[in-house]
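Enquirer: What follows is a structure written as structure tokens; I'll ask about it next.
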Amino acid sequence: MSNLKAILDNPQFHDYIPILKGARNGLVYGVKVRFPHALVMAILFGRGNWQTRLKAIFRATRQHATNLAQFVAMYKTFLLVQRKLNGGKQRTHDTFFAGLLGGYLVFGERNAINEQIVLYVCSRVVASFLPRAGPPRGLATTGDATVKLVPPDSRYFSLFAAISWGAVMWLFQHRGETLQPGMFNAMTYLYRASER
């Protein structure tokens with residue numbers, strides 16, 4: 001154990017330890033998020049016997065967790081490389097390019113798990129552009145500082161909700177093939193099966 005502590009305390013490894021810790025956190029968080037979701041989906045909507053369902057739960061959980069671990073490790077590595085190439089200083093756009101490259105390499109393959117994660121991230125990015133209810137008071141908005149989260153202004157959120165629902169209902173009716181399959185199936189159940 002003292003050998004591990006010596007490595008962790010060694011300044012020579014200071015830049016690399018966060019990459020490993022981030023990968024570990026990605027793995028843990030991926031399991032925490034995906035396992036309960038996959039379990040509930042298997043119970044409610046799963047097909048086949050329980051052995052088949054358990055394999056599907058394990059497969060989805062493993063993919064989500066390993067993808068998050070890989071993304072965090074790549075993102076932090078790309079940030080480190082850019083910082084070292086820039087004389088030890090991180091530039092504003094480095095985070096974007098590290099995320100861009102990591103996102104392409106890890107989440108670029110289209111499959112059900114990646115699609116759900118990318119759609120989740122996309123929805124949060126779009127929602128972040130809504131005007132806020134008020135400015136944060138006395139707190140920095142950088143990634144290195146504590147940030148007080150400020151919710152969207154309720155008037156703009158109402159407009160965002162209305163446009164989102166209007167758009168998805170129009171897409172469902174006129175271009176349903178373009179919707180994500182899980183959403184299309186849920187909407188079919190809610191809006192078409194109720195008419196039979």
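Here's how to read the names in the structure tokens: chain A, B, ... by the order shown, residue numbers from 1 in each chain, ligand numbers from 1 in the order shown.
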List every residue of segment 24-153 of chain A that DSSP, applied to the backbone of this structure, assigns to alpha helix (DSSP H), and report them as JSON, numbers by chain.

Expert: {"A": [24, 25, 26, 27, 28, 29, 30, 31, 32, 33, 34, 35, 36, 37, 38, 39, 40, 41, 42, 43, 44, 45, 50, 51, 52, 53, 54, 55, 56, 57, 58, 59, 60, 61, 62, 63, 64, 65, 66, 67, 68, 69, 70, 71, 72, 73, 74, 75, 76, 77, 78, 79, 80, 81, 82, 83, 84, 85, 94, 95, 96, 97, 98, 99, 100, 101, 102, 103, 104, 105, 106, 107, 112, 113, 114, 115, 116, 117, 118, 119, 120, 121, 122, 123, 124, 125, 126, 127, 128]}

Enquirer: Please list as number ranges by chain every residue within 12 Å of Met187 of chain A, counting only C-alpha atoms and excluding residues in the same chain fewer than 3 positions away.

Expert: A: 165, 168-173, 176, 179-184, 190-194

Enquirer: Put those residues in a file: C-alpha atoms, as a tab-separated table (two decimals), in the first residue's frame.

Expert:
chain	number	residue	atom	x	y	z
A	165	TRP	CA	-43.31	19.46	-27.98
A	168	VAL	CA	-41.74	16.43	-31.83
A	169	MET	CA	-45.48	16.02	-32.41
A	170	TRP	CA	-45.11	17.35	-35.97
A	171	LEU	CA	-42.14	15.05	-36.57
A	172	PHE	CA	-44.07	12.08	-35.17
A	173	GLN	CA	-47.01	12.74	-37.47
A	176	GLY	CA	-41.76	9.63	-37.70
A	179	LEU	CA	-37.22	10.05	-34.48
A	180	GLN	CA	-35.15	7.95	-32.12
A	181	PRO	CA	-36.75	4.45	-32.03
A	182	GLY	CA	-37.47	4.45	-28.28
A	183	MET	CA	-39.26	7.78	-28.53
A	184	PHE	CA	-41.17	6.70	-31.63
A	190	LEU	CA	-49.39	6.98	-26.28
A	191	TYR	CA	-50.99	8.54	-29.34
A	192	ARG	CA	-51.82	5.82	-31.87
A	193	ALA	CA	-52.55	2.72	-29.79
A	194	SER	CA	-55.03	4.77	-27.79

Enquirer: Would you pick out the contacts of segment 96-112 of chain A at 6 Å or less, using only C-alpha atoms, so that residues sharing its chain but fewer than 4 positions from it are not included, and give the list as a list in words?

Expert: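 Listing them by chain and then by number gives Phe71, Met74, Tyr75, Phe78 and Leu79 of chain A.
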
Enquirer: Keeping C-alpha atoms for every residue in the selection just given, could you write it to a file as a short mmCIF file (atom, residue, chain, number, x, y, z; two decimals), in the first residue's frame?

Expert:
data_model
loop_
_atom_site.label_atom_id
_atom_site.label_comp_id
_atom_site.auth_asym_id
_atom_site.auth_seq_id
_atom_site.Cartn_x
_atom_site.Cartn_y
_atom_site.Cartn_z
CA PHE A 71 -14.23 9.17 -22.84
CA MET A 74 -9.31 10.38 -23.62
CA TYR A 75 -10.68 13.83 -22.78
CA PHE A 78 -6.17 15.28 -24.95
CA LEU A 79 -6.35 18.24 -22.55
#

Enquirer: One decimal, Å: what's the distance from atom CA of Val121 of chain A over to atom CA of Ser158 of chain A, could you say?

Expert: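 Interatomic distance, atom CA of Val121 of chain A to atom CA of Ser158 of chain A: 20.4 Å.
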
Enquirer: Could you make a table, as JSON lines, of the residues of segment 79-160 of chain A that have an atom within 12 Å of an atom of segment 33-42 of chain A, each with its nearest atom pair and distance in Å to one decimal, counting only C-alpha atoms, in chain and number order?

Expert:
{"residue": "A:Ala112", "atom": "CA", "partner": "A:Ala38", "partner_atom": "CA", "distance": 11.9}
{"residue": "A:Ile113", "atom": "CA", "partner": "A:Arg34", "partner_atom": "CA", "distance": 9.2}
{"residue": "A:Asn114", "atom": "CA", "partner": "A:Arg34", "partner_atom": "CA", "distance": 11.8}
{"residue": "A:Gln116", "atom": "CA", "partner": "A:Arg34", "partner_atom": "CA", "distance": 10.7}
{"residue": "A:Ile117", "atom": "CA", "partner": "A:Arg34", "partner_atom": "CA", "distance": 10.3}
